[in-house]
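File shown here: coords-v7.cif, holding mmCIF, C-alpha atoms.
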data_query
loop_
_atom_site.label_atom_id
_atom_site.label_comp_id
_atom_site.auth_asym_id
_atom_site.auth_seq_id
_atom_site.Cartn_x
_atom_site.Cartn_y
_atom_site.Cartn_z
CA MET A 22 -26.06 1.58 -0.93
CA GLY A 23 -27.58 5.01 -1.07
CA SER A 24 -31.36 5.07 -1.02
CA LYS A 25 -31.57 2.01 1.24
CA ASP A 26 -29.27 3.52 3.86
CA ARG A 27 -30.62 4.09 7.34
CA VAL A 28 -29.33 6.27 10.13
CA TRP A 29 -28.22 4.52 13.31
CA GLU A 30 -27.67 6.31 16.61
CA VAL A 31 -24.66 5.12 18.55
CA PHE A 32 -24.36 5.18 22.33
CA ARG A 33 -21.10 4.42 24.05
CA GLN A 34 -19.90 3.42 27.47
CA GLU A 35 -16.44 4.62 28.40
CA ALA A 36 -15.87 2.28 31.32
CA GLU A 37 -17.71 -0.67 32.83
CA GLY A 38 -20.48 0.72 35.03
CA ASP A 39 -20.61 4.13 33.33
CA PRO A 40 -23.88 5.28 31.78
CA MET A 41 -24.37 4.90 28.02
CA ILE A 42 -23.85 8.30 26.40
CA HIS A 43 -24.92 9.33 22.92
CA GLY A 44 -21.82 9.41 20.72
CA GLY A 45 -23.29 10.33 17.33
CA SER A 46 -24.67 8.54 14.32
CA VAL A 47 -23.60 6.50 11.30
CA ARG A 48 -25.28 5.76 7.99
CA ALA A 49 -25.46 2.12 6.89
CA PRO A 50 -27.77 -0.16 4.91
CA ASP A 51 -28.09 -2.95 7.49
CA GLU A 52 -27.35 -4.02 11.06
CA GLU A 53 -24.10 -5.73 10.16
CA LEU A 54 -22.48 -2.73 8.47
CA ALA A 55 -23.97 -0.38 11.08
CA THR A 56 -22.13 -2.40 13.73
CA HIS A 57 -18.86 -2.25 11.80
CA TYR A 58 -19.11 1.48 11.19
CA ALA A 59 -20.09 2.18 14.79
CA ARG A 60 -16.97 0.30 15.82
CA GLU A 61 -14.84 2.37 13.43
CA PHE A 62 -16.30 5.71 14.45
CA TYR A 63 -16.78 5.21 18.19
CA GLY A 64 -14.50 2.40 19.22
CA ARG A 65 -11.41 2.03 17.07
CA ARG A 66 -9.21 4.02 19.45
CA GLN A 67 -10.14 1.72 22.34
CA GLU A 68 -12.22 4.53 23.83
CA SER A 69 -15.36 2.44 24.38
CA GLU A 70 -16.17 -0.49 26.62
CA ARG A 71 -19.51 -1.12 24.93
CA LEU A 72 -21.64 0.32 22.11
CA TRP A 73 -25.39 0.38 21.59
CA ILE A 74 -26.41 0.78 17.96
CA VAL A 75 -30.04 1.76 17.47
CA PRO A 76 -31.90 2.51 14.24
CA ARG A 77 -33.00 6.12 14.48
CA ASP A 78 -36.53 5.24 13.38
CA ALA A 79 -36.85 2.88 16.37
CA ILE A 80 -36.41 5.78 18.75
CA LEU A 81 -39.59 7.31 20.18
CA GLU A 82 -39.17 11.05 20.39
CA LEU A 83 -41.02 13.24 22.85
CA ASP A 84 -40.49 16.97 22.58
CA ASP A 85 -43.98 18.41 23.26
CA PRO A 86 -43.46 21.49 25.47
CA ASP A 87 -46.91 21.08 27.02
CA LEU A 88 -45.70 17.74 28.38
CA LEU A 89 -42.08 18.61 29.09
CA LYS A 90 -42.12 22.31 30.01
CA PRO A 91 -45.55 23.15 31.45
CA PRO A 92 -45.83 26.84 32.40
CA PHE A 93 -46.33 26.42 36.18
CA ASP A 94 -43.79 26.31 38.96
CA ARG A 95 -42.81 22.68 39.26
CA SER A 96 -40.00 23.16 41.75
CA PHE A 97 -41.83 21.03 44.31
CA LYS A 98 -41.46 18.06 41.96
CA ARG A 99 -37.69 18.30 41.97
CA PRO A 100 -35.82 15.91 44.21
CA GLY A 101 -34.53 18.85 46.31
CA GLY A 102 -38.05 19.37 47.65
CA PHE A 103 -39.19 22.53 49.44
CA LEU A 104 -36.78 25.15 50.62
CA ILE A 105 -37.08 24.92 54.41
CA LYS A 106 -33.92 26.80 55.39
CA HIS A 107 -35.78 29.95 56.53
CA LYS A 108 -38.48 28.01 58.34
CA LEU A 109 -35.82 26.05 60.14
CA GLU A 110 -33.98 29.26 61.21
CA ALA A 111 -37.20 30.75 62.56
CA ALA A 112 -37.96 27.60 64.52
CA ARG A 113 -34.46 27.54 66.03
CA GLU A 114 -34.74 31.19 67.05
CA ARG A 115 -37.96 30.48 68.88
CA ALA A 116 -36.44 27.49 70.63
CA GLY A 117 -33.16 29.33 71.39
CA SER A 118 -31.03 26.65 69.82
CA PRO A 119 -27.66 27.43 68.16
CA GLN A 120 -27.57 28.82 64.59
CA VAL A 121 -26.85 26.60 61.66
CA GLU A 122 -23.40 28.16 61.13
CA GLU A 123 -22.36 27.41 64.69
CA MET A 124 -23.57 23.86 64.44
CA GLU A 125 -21.46 23.29 61.40
CA GLU A 126 -18.24 24.30 63.16
CA MET B 28 15.18 -19.08 22.25
CA THR B 29 18.23 -16.93 21.64
CA ASP B 30 20.45 -19.86 20.72
CA LEU B 31 19.31 -20.11 17.12
CA ASP B 32 21.93 -21.32 14.70
CA ARG B 33 22.71 -19.06 11.80
CA GLU B 34 20.69 -20.96 9.17
CA THR B 35 17.59 -21.10 11.35
CA ARG B 36 17.91 -17.43 12.22
CA ASP B 37 18.18 -16.51 8.53
CA ALA B 38 15.10 -18.62 7.78
CA LEU B 39 13.18 -16.92 10.58
CA ALA B 40 14.25 -13.54 9.20
CA GLU B 41 12.83 -14.57 5.80
CA LEU B 42 9.52 -15.54 7.41
CA LEU B 43 9.24 -12.26 9.35
CA LEU B 44 10.12 -10.24 6.28
CA ALA B 45 7.54 -12.08 4.17
CA MET B 46 4.77 -11.45 6.67
CA ALA B 47 5.78 -7.84 7.31
CA ASP B 48 5.92 -7.04 3.60
CA ASP B 49 2.49 -8.62 3.01
CA GLU B 50 0.95 -6.33 5.61
CA PHE B 51 2.99 -3.28 4.63
CA VAL B 52 2.30 -3.37 0.89
CA LEU B 53 -1.38 -4.24 1.28
CA GLY B 54 -1.74 -1.43 3.82
CA PHE B 55 -0.35 1.03 1.28
CA TRP B 56 -2.47 -0.22 -1.61
CA ASP B 57 -5.72 0.02 0.33
CA SER B 58 -4.87 3.35 1.93
CA GLU B 59 -5.37 4.64 -1.62
CA TRP B 60 -9.11 4.32 -0.99
CA THR B 61 -8.93 7.15 1.52
CA GLY B 62 -11.19 9.88 0.17
CA ILE B 63 -12.75 7.81 -2.62
CA ALA B 64 -14.37 4.78 -0.93
CA PRO B 65 -18.07 4.15 -1.76
CA ILE B 66 -19.44 6.07 1.24
CA LEU B 67 -17.95 8.18 4.00
CA GLU B 68 -18.34 5.46 6.63
CA GLU B 69 -16.53 2.91 4.47
CA ASP B 70 -13.85 5.48 3.72
CA VAL B 71 -13.05 5.67 7.43
CA ALA B 72 -13.31 1.89 7.82
CA MET B 73 -10.99 1.06 4.91
CA SER B 74 -8.48 3.70 5.99
CA SER B 75 -8.51 2.38 9.53
CA VAL B 76 -8.01 -1.21 8.41
CA SER B 77 -5.10 -0.10 6.22
CA GLN B 78 -3.54 1.67 9.18
CA ASP B 79 -3.93 -1.52 11.22
CA GLU B 80 -1.89 -3.38 8.59
CA ILE B 81 0.88 -0.78 8.65
CA GLY B 82 0.86 -1.17 12.44
CA HIS B 83 1.23 -4.94 12.15
CA ALA B 84 4.02 -4.48 9.61
CA LYS B 85 5.80 -2.14 12.04
CA ALA B 86 5.62 -4.72 14.84
CA LEU B 87 6.98 -7.43 12.50
CA TYR B 88 9.79 -5.21 11.15
CA GLU B 89 10.75 -4.45 14.75
CA LEU B 90 10.90 -8.16 15.59
CA LEU B 91 13.08 -8.64 12.53
CA ALA B 92 15.31 -5.72 13.48
CA GLU B 93 15.79 -7.20 16.96
CA LEU B 94 16.71 -10.54 15.46
CA THR B 95 19.17 -9.21 12.90
CA GLY B 96 20.39 -6.05 14.57
CA GLY B 97 18.92 -3.81 11.87
CA ASP B 98 16.63 -0.78 11.96
CA ALA B 99 12.90 -1.22 11.36
CA ASP B 100 12.50 2.00 9.33
CA VAL B 101 15.47 1.19 7.13
CA ILE B 102 14.08 -2.30 6.49
CA ALA B 103 10.64 -0.88 5.69
CA PHE B 104 11.67 2.00 3.43
CA GLY B 105 15.28 1.39 2.49
CA ARG B 106 15.06 -1.51 0.05
CA PRO B 107 14.94 -1.48 -3.75
CA VAL B 108 11.87 -2.86 -5.55
CA ASP B 109 13.28 -6.38 -5.86
CA GLY B 110 14.21 -6.49 -2.18
CA TYR B 111 10.58 -6.85 -1.08
CA ARG B 112 9.18 -10.27 -0.19
CA HIS B 113 5.40 -9.83 -0.22
CA ALA B 114 3.31 -12.49 -1.93
CA ALA B 115 2.51 -11.91 -5.62
CA LEU B 116 -1.08 -11.22 -4.48
CA MET B 117 0.13 -7.79 -3.38
CA ASN B 118 1.76 -7.01 -6.75
CA HIS B 119 -1.52 -5.71 -8.17
CA ALA B 120 -2.81 -2.16 -8.10
CA ARG B 121 -5.92 -1.23 -6.15
CA THR B 122 -7.99 -1.44 -9.39
CA ASP B 123 -11.76 -1.23 -8.62
CA TRP B 124 -13.66 -1.76 -5.36
CA ALA B 125 -14.57 -5.37 -6.19
CA PHE B 126 -10.91 -6.14 -6.91
CA SER B 127 -9.76 -4.65 -3.61
CA ILE B 128 -12.48 -6.54 -1.72
CA ALA B 129 -11.60 -9.81 -3.47
CA ARG B 130 -7.94 -9.41 -2.56
CA ARG B 131 -8.81 -8.53 1.02
CA PHE B 132 -11.07 -11.54 1.36
CA LEU B 133 -8.41 -13.90 0.05
CA TYR B 134 -5.63 -12.32 2.08
CA GLU B 135 -7.44 -11.91 5.40
CA ASN B 136 -8.36 -15.58 5.41
CA ALA B 137 -4.81 -16.61 4.51
CA ASP B 138 -3.42 -14.33 7.20
CA ALA B 139 -5.85 -15.75 9.76
CA VAL B 140 -4.73 -19.31 9.01
CA ARG B 141 -1.09 -18.25 9.25
CA LEU B 142 -1.53 -16.38 12.54
CA GLU B 143 -3.57 -19.17 14.14
CA SER B 144 -0.74 -21.56 13.45
CA LEU B 145 2.01 -19.14 14.56
CA ALA B 146 0.28 -18.57 17.89
CA ALA B 147 1.92 -21.88 18.81
CA SER B 148 5.35 -20.87 17.50
CA ALA B 149 8.38 -21.94 19.53
CA TYR B 150 9.81 -18.46 18.89
CA ARG B 151 8.02 -16.71 21.75
CA PRO B 152 8.12 -13.12 20.46
CA LEU B 153 6.45 -14.23 17.23
CA ALA B 154 3.86 -16.37 19.05
CA GLU B 155 2.95 -13.44 21.30
CA LEU B 156 2.70 -11.02 18.37
CA ALA B 157 0.56 -13.51 16.40
CA VAL B 158 -1.91 -13.69 19.30
CA LYS B 159 -2.14 -9.89 19.44
CA MET B 160 -2.52 -9.52 15.67
CA ARG B 161 -5.25 -12.17 15.54
CA ARG B 162 -7.45 -10.14 17.85
CA GLU B 163 -7.32 -7.15 15.51
CA GLU B 164 -7.65 -9.31 12.40
CA THR B 165 -10.95 -10.73 13.71
CA TYR B 166 -12.66 -7.54 12.66
CA HIS B 167 -10.89 -7.48 9.29
CA LEU B 168 -12.16 -10.99 8.55
CA LEU B 169 -15.73 -10.05 9.44
CA HIS B 170 -15.64 -6.83 7.47
CA PHE B 171 -14.36 -8.29 4.23
CA ASP B 172 -16.48 -11.40 4.46
CA LEU B 173 -19.44 -9.06 4.70
CA TRP B 174 -18.31 -7.04 1.67
CA LEU B 175 -17.73 -10.18 -0.36
CA ARG B 176 -21.36 -11.19 0.28
CA ARG B 177 -22.67 -7.69 -0.40
CA LEU B 178 -21.01 -7.47 -3.78
CA ALA B 179 -21.82 -11.07 -4.67
CA GLU B 180 -25.50 -10.54 -3.87
CA GLY B 181 -25.63 -6.94 -5.11
CA SER B 182 -26.14 -6.26 -8.81
CA ASP B 183 -25.17 -8.33 -11.84
CA GLU B 184 -22.32 -5.94 -12.37
CA SER B 185 -20.93 -6.17 -8.84
CA HIS B 186 -21.17 -9.98 -8.99
CA ALA B 187 -19.42 -10.11 -12.36
CA ARG B 188 -16.62 -7.77 -11.27
CA LEU B 189 -16.08 -9.72 -8.08
CA ALA B 190 -16.02 -13.09 -9.85
CA ALA B 191 -13.52 -11.74 -12.40
CA ALA B 192 -11.30 -10.37 -9.62
CA ILE B 193 -11.29 -13.69 -7.71
CA GLU B 194 -10.40 -15.50 -10.93
CA ARG B 195 -7.55 -13.11 -11.68
CA LEU B 196 -6.12 -13.04 -8.14
CA TRP B 197 -6.50 -16.75 -7.40
CA PRO B 198 -3.08 -17.95 -8.66
CA ASP B 199 -1.21 -15.13 -6.93
CA ALA B 200 -3.16 -15.63 -3.71
CA GLN B 201 -1.62 -19.11 -3.43
CA ALA B 202 1.74 -17.37 -3.17
CA VAL B 203 0.99 -16.27 0.41
CA PHE B 204 1.99 -19.88 1.12
CA ALA B 205 4.89 -20.04 -1.34
CA PRO B 206 7.80 -22.08 0.04
CA LEU B 207 10.38 -20.11 2.01
CA ALA B 208 14.10 -20.66 1.98
CA GLY B 209 14.83 -22.67 5.10
CA GLU B 210 11.19 -23.56 5.70
CA ALA B 211 12.14 -27.12 6.72
CA LEU B 212 14.47 -25.73 9.40
CA LEU B 213 11.68 -23.52 10.78
CA VAL B 214 9.29 -26.47 10.94
CA ALA B 215 11.93 -28.67 12.61
CA ALA B 216 12.57 -25.98 15.23
CA GLY B 217 8.83 -25.52 15.86
CA ILE B 218 9.11 -21.87 14.84
CA LEU B 219 6.71 -22.57 12.01
CA PRO B 220 4.44 -25.14 13.70
CA GLU B 221 3.14 -26.50 10.38
CA PRO B 222 4.45 -26.56 6.80
CA LEU B 223 3.10 -23.76 4.58
CA GLU B 224 1.50 -26.33 2.27
CA THR B 225 -0.61 -27.56 5.22
CA LEU B 226 -1.67 -23.98 5.87
CA ARG B 227 -2.56 -23.50 2.21
CA ALA B 228 -4.81 -26.57 2.30
CA ARG B 229 -6.53 -25.20 5.41
CA TRP B 230 -7.00 -21.82 3.76
CA LEU B 231 -8.55 -23.44 0.68
CA GLU B 232 -10.93 -25.40 2.91
CA ARG B 233 -12.00 -22.13 4.43
CA VAL B 234 -12.38 -19.84 1.41
CA SER B 235 -13.87 -22.34 -1.07
CA PRO B 236 -17.19 -22.88 0.77
CA ARG B 237 -17.52 -19.14 1.35
CA LEU B 238 -17.13 -18.47 -2.35
CA THR B 239 -19.65 -21.19 -3.16
CA ALA B 240 -22.12 -19.81 -0.62
CA ALA B 241 -21.81 -16.42 -2.31
CA HIS B 242 -22.53 -18.05 -5.71
CA LEU B 243 -19.03 -17.26 -6.88
CA PRO B 244 -17.05 -19.76 -8.93
CA VAL B 245 -14.17 -21.49 -7.11
CA PRO B 246 -11.28 -21.54 -9.56
CA ALA B 247 -9.26 -24.73 -10.03
CA ILE B 248 -6.83 -25.40 -7.20
CA PRO B 249 -3.31 -24.93 -8.51
CA ASP B 250 -0.36 -27.10 -7.52
CA ARG B 251 2.03 -25.95 -4.85
CA PRO B 252 3.02 -22.31 -5.55
CA GLY B 253 6.50 -21.83 -6.97
CA ALA B 254 9.43 -20.48 -5.00
CA ASP B 255 9.17 -17.21 -6.97
CA GLY B 256 5.78 -16.45 -5.36
CA ARG B 257 7.45 -13.86 -3.16
CA THR B 258 10.10 -12.55 -5.53
CA ARG B 259 8.18 -11.79 -8.75
CA ARG B 260 7.61 -8.02 -8.98
CA THR B 261 5.47 -5.92 -11.30
CA ASP B 262 5.49 -2.39 -12.71
CA GLU B 263 2.44 -1.67 -10.58
CA PHE B 264 4.36 -2.50 -7.43
CA ALA B 265 7.37 -0.51 -8.67
CA TRP B 266 5.07 2.51 -8.93
CA LEU B 267 3.73 1.99 -5.40
CA HIS B 268 7.27 1.57 -4.10
CA GLY B 269 8.13 4.97 -5.58
CA GLU B 270 5.14 6.43 -3.74
CA PHE B 271 5.74 4.95 -0.31
CA THR B 272 9.48 5.60 -0.31
CA ALA B 273 9.19 9.15 -1.71
CA VAL B 274 9.29 10.96 1.61
CA ALA B 275 11.75 8.67 3.39
CA SER B 276 14.19 8.86 0.47
CA SER B 277 13.88 12.65 0.05
CA GLU B 278 16.40 13.05 2.89
CA ALA B 279 17.97 9.76 3.75
CA ASP B 280 19.50 10.63 7.12
CA ALA B 281 16.77 12.90 8.42
CA THR B 282 15.35 12.45 11.90
CA TRP B 283 11.58 12.63 11.65
#
Representation of the structure as structure tokens:
Amino acid sequence: MGSKDRVWEVFRQEAEGDPMIHGGSVRAPDEELATHYAREFYGRRQESERLWIVPRDAILELDDPDLLKPPFDRSFKRPGGFLIKHKLEAARERAGSPQVEEMEE
Amino acid sequence: MTDLDRETRDALAELLLAMADDEFVLGFWDSEWTGIAPILEEDVAMSSVSQDEIGHAKALYELLAELTGGDADVIAFGRPVDGYRHAALMNHARTDWAFSIARRFLYENADAVRLESLAASAYRPLAELAVKMRREETYHLLHFDLWLRRLAEGSDESHARLAAAIERLWPDAQAVFAPLAGEALLVAAGILPEPLETLRARWLERVSPRLTAAHLPVPAIPDRPGADGRTRRTDEFAWLHGEFTAVASSEADATW
């Protein structure tokens, strides 16, 4: 052991159907021991339904801010879409329909 | 199966005590690796496996206490050195890493053979416990089989230390299957589904090819282990006994 050790990232699933969440990492020289140590560190208290054990050097990392955090407003790319609340209110006023608050009651 | 006659019940008590003491004493020996195992990850692994064994011992002492009307803690901590019934394999100190791995390899395989057989025991509480213990022992088997191969294929030194440890432990490892008082009664009642000598043969069939595959010498197969396989004690065990009873005996009637 020692110089030949690799770092393995361990992902765990708490219950069937849950997403895999990063738990942490272990150091081990090969797949077999990595699996054993992952079990000891992230599963021995019966807290995991499933583990994924991935060599750290197999993970592709992307952290370029030009790609991930470009300096323009990107709110229109979010799933929430455009804020139309005020446009909707104005349209209702013109049409004389009830206000949003009243509709909700 | 509550209608056991006295002789059969005593024999069953001997069997439970033998198994419990095997797990208990080995758990204590290997817990000594906590803090000094080869790497941090293995430190956690070895400590966790040792805790598993203490847990199995607890379950077995509780079965015994139910059978005999005793108290599990008193059975575990309240006996003198010569009152323990673990196999002579567990008489030895932790020694070096190769020695501890060799003992684990020999014991885990013996324990697996024993538990597989007891899963069919006519004494239901023992059969049910054997099934539960087997599931946890699966990992122990894998882990120590892996370590045996690692050390065997590692350096010349690790191979030599491992081979020497197997050689030294071999005779005492047979004692896991040393005859028990009343063994014939247990077999007749189906409590012990097979004679211990049958289990020993199965264990040898299992460990010998693994040793050969790891280029380790298989020592000569000794004759049936003697009846003293579970009663011989050593100074090394006497020392460990002093350690693991130190707290319990510091105030005998304390409630913890």
inquiry  = Residues of chain A within 8 Å of chain B, counting all atoms listed in the file - could you list those as a list in words?
reply    =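 Therefore, the residues near the partner are Val47, Arg48, Ala49, Glu53, Leu54, His57, Tyr58, Glu61 and Phe62 of chain A.
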key: Coordinates-based distance that separates atom CA of B:Ala139 from atom CA of B:Met160 (Å, one decimal)   =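 Separation between atom CA of B:Met160 and atom CA of B:Ala139: 9.2 Å.
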message = Evaluated on this file, the PyMOL selection byres ((chain A and resi 46) around 6) picks out some residues - which ones are they, written as a ChimeraX atom specification?
response = /A:29-31,45,47
Dump C-alpha atoms for the selected residues as a short mmCIF file (atom, residue, chain, number, x, y, z; two decimals), in the frame of the given file?
data_model
loop_
_atom_site.label_atom_id
_atom_site.label_comp_id
_atom_site.auth_asym_id
_atom_site.auth_seq_id
_atom_site.Cartn_x
_atom_site.Cartn_y
_atom_site.Cartn_z
CA TRP A 29 -28.22 4.52 13.31
CA GLU A 30 -27.67 6.31 16.61
CA VAL A 31 -24.66 5.12 18.55
CA GLY A 45 -23.29 10.33 17.33
CA VAL A 47 -23.60 6.50 11.30
#
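Going from atom CA of B:Pro222 to atom CA of B:Ala154 covers 15.9 Å.
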message = Translate the PyMOL selection byres ((chain B and resi 123) around 12) into a concrete residue list for this structure, as number ranges by chain.
response = B: 56-57, 59-60, 63-65, 119-122, 124-130, 185, 188-189, 191-192
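Take atom CA of A:Glu37 and atom CA of A:Glu70: the distance between them is 6.4 Å.
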The PyMOL selection byres ((chain A and resi 32) around 12) applied to the shown file, residues as a ChimeraX atom specification = /A:29-31,33-35,39-47,56,59-60,62-64,69-77
Expected file contents, prior selection, C-alpha atoms, as a short mmCIF file (atom, residue, chain, number, x, y, z; two decimals), in the frame of the given file:
data_model
loop_
_atom_site.label_atom_id
_atom_site.label_comp_id
_atom_site.auth_asym_id
_atom_site.auth_seq_id
_atom_site.Cartn_x
_atom_site.Cartn_y
_atom_site.Cartn_z
CA TRP A 29 -28.22 4.52 13.31
CA GLU A 30 -27.67 6.31 16.61
CA VAL A 31 -24.66 5.12 18.55
CA ARG A 33 -21.10 4.42 24.05
CA GLN A 34 -19.90 3.42 27.47
CA GLU A 35 -16.44 4.62 28.40
CA ASP A 39 -20.61 4.13 33.33
CA PRO A 40 -23.88 5.28 31.78
CA MET A 41 -24.37 4.90 28.02
CA ILE A 42 -23.85 8.30 26.40
CA HIS A 43 -24.92 9.33 22.92
CA GLY A 44 -21.82 9.41 20.72
CA GLY A 45 -23.29 10.33 17.33
CA SER A 46 -24.67 8.54 14.32
CA VAL A 47 -23.60 6.50 11.30
CA THR A 56 -22.13 -2.40 13.73
CA ALA A 59 -20.09 2.18 14.79
CA ARG A 60 -16.97 0.30 15.82
CA PHE A 62 -16.30 5.71 14.45
CA TYR A 63 -16.78 5.21 18.19
CA GLY A 64 -14.50 2.40 19.22
CA SER A 69 -15.36 2.44 24.38
CA GLU A 70 -16.17 -0.49 26.62
CA ARG A 71 -19.51 -1.12 24.93
CA LEU A 72 -21.64 0.32 22.11
CA TRP A 73 -25.39 0.38 21.59
CA ILE A 74 -26.41 0.78 17.96
CA VAL A 75 -30.04 1.76 17.47
CA PRO A 76 -31.90 2.51 14.24
CA ARG A 77 -33.00 6.12 14.48
#
task = Tell me, as a VMD selection string, which residues lie within 6 Å of stretch 38-53 of chain B, counting all atoms listed in the file; anything in the same chain fewer than 2 positions away does not count.
result = chain B and resid 35 to 36 55 to 56 80 to 81 84 87 112 to 113 209
key: Pick from B:Thr61, B:Ile102, B:Ala147, B:Tyr111, whichever lies nearest to B:Glu89 using only C-alpha atoms   =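 Nearest candidate to B:Glu89 out of B:Thr61, B:Ile102, B:Ala147, B:Tyr111: B:Ile102.
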remark   = Among B:Ile193, B:Leu168, B:Ala265, B:Met117, B:Gly54 is approached most closely, using all atoms listed in the file, by B:Met117
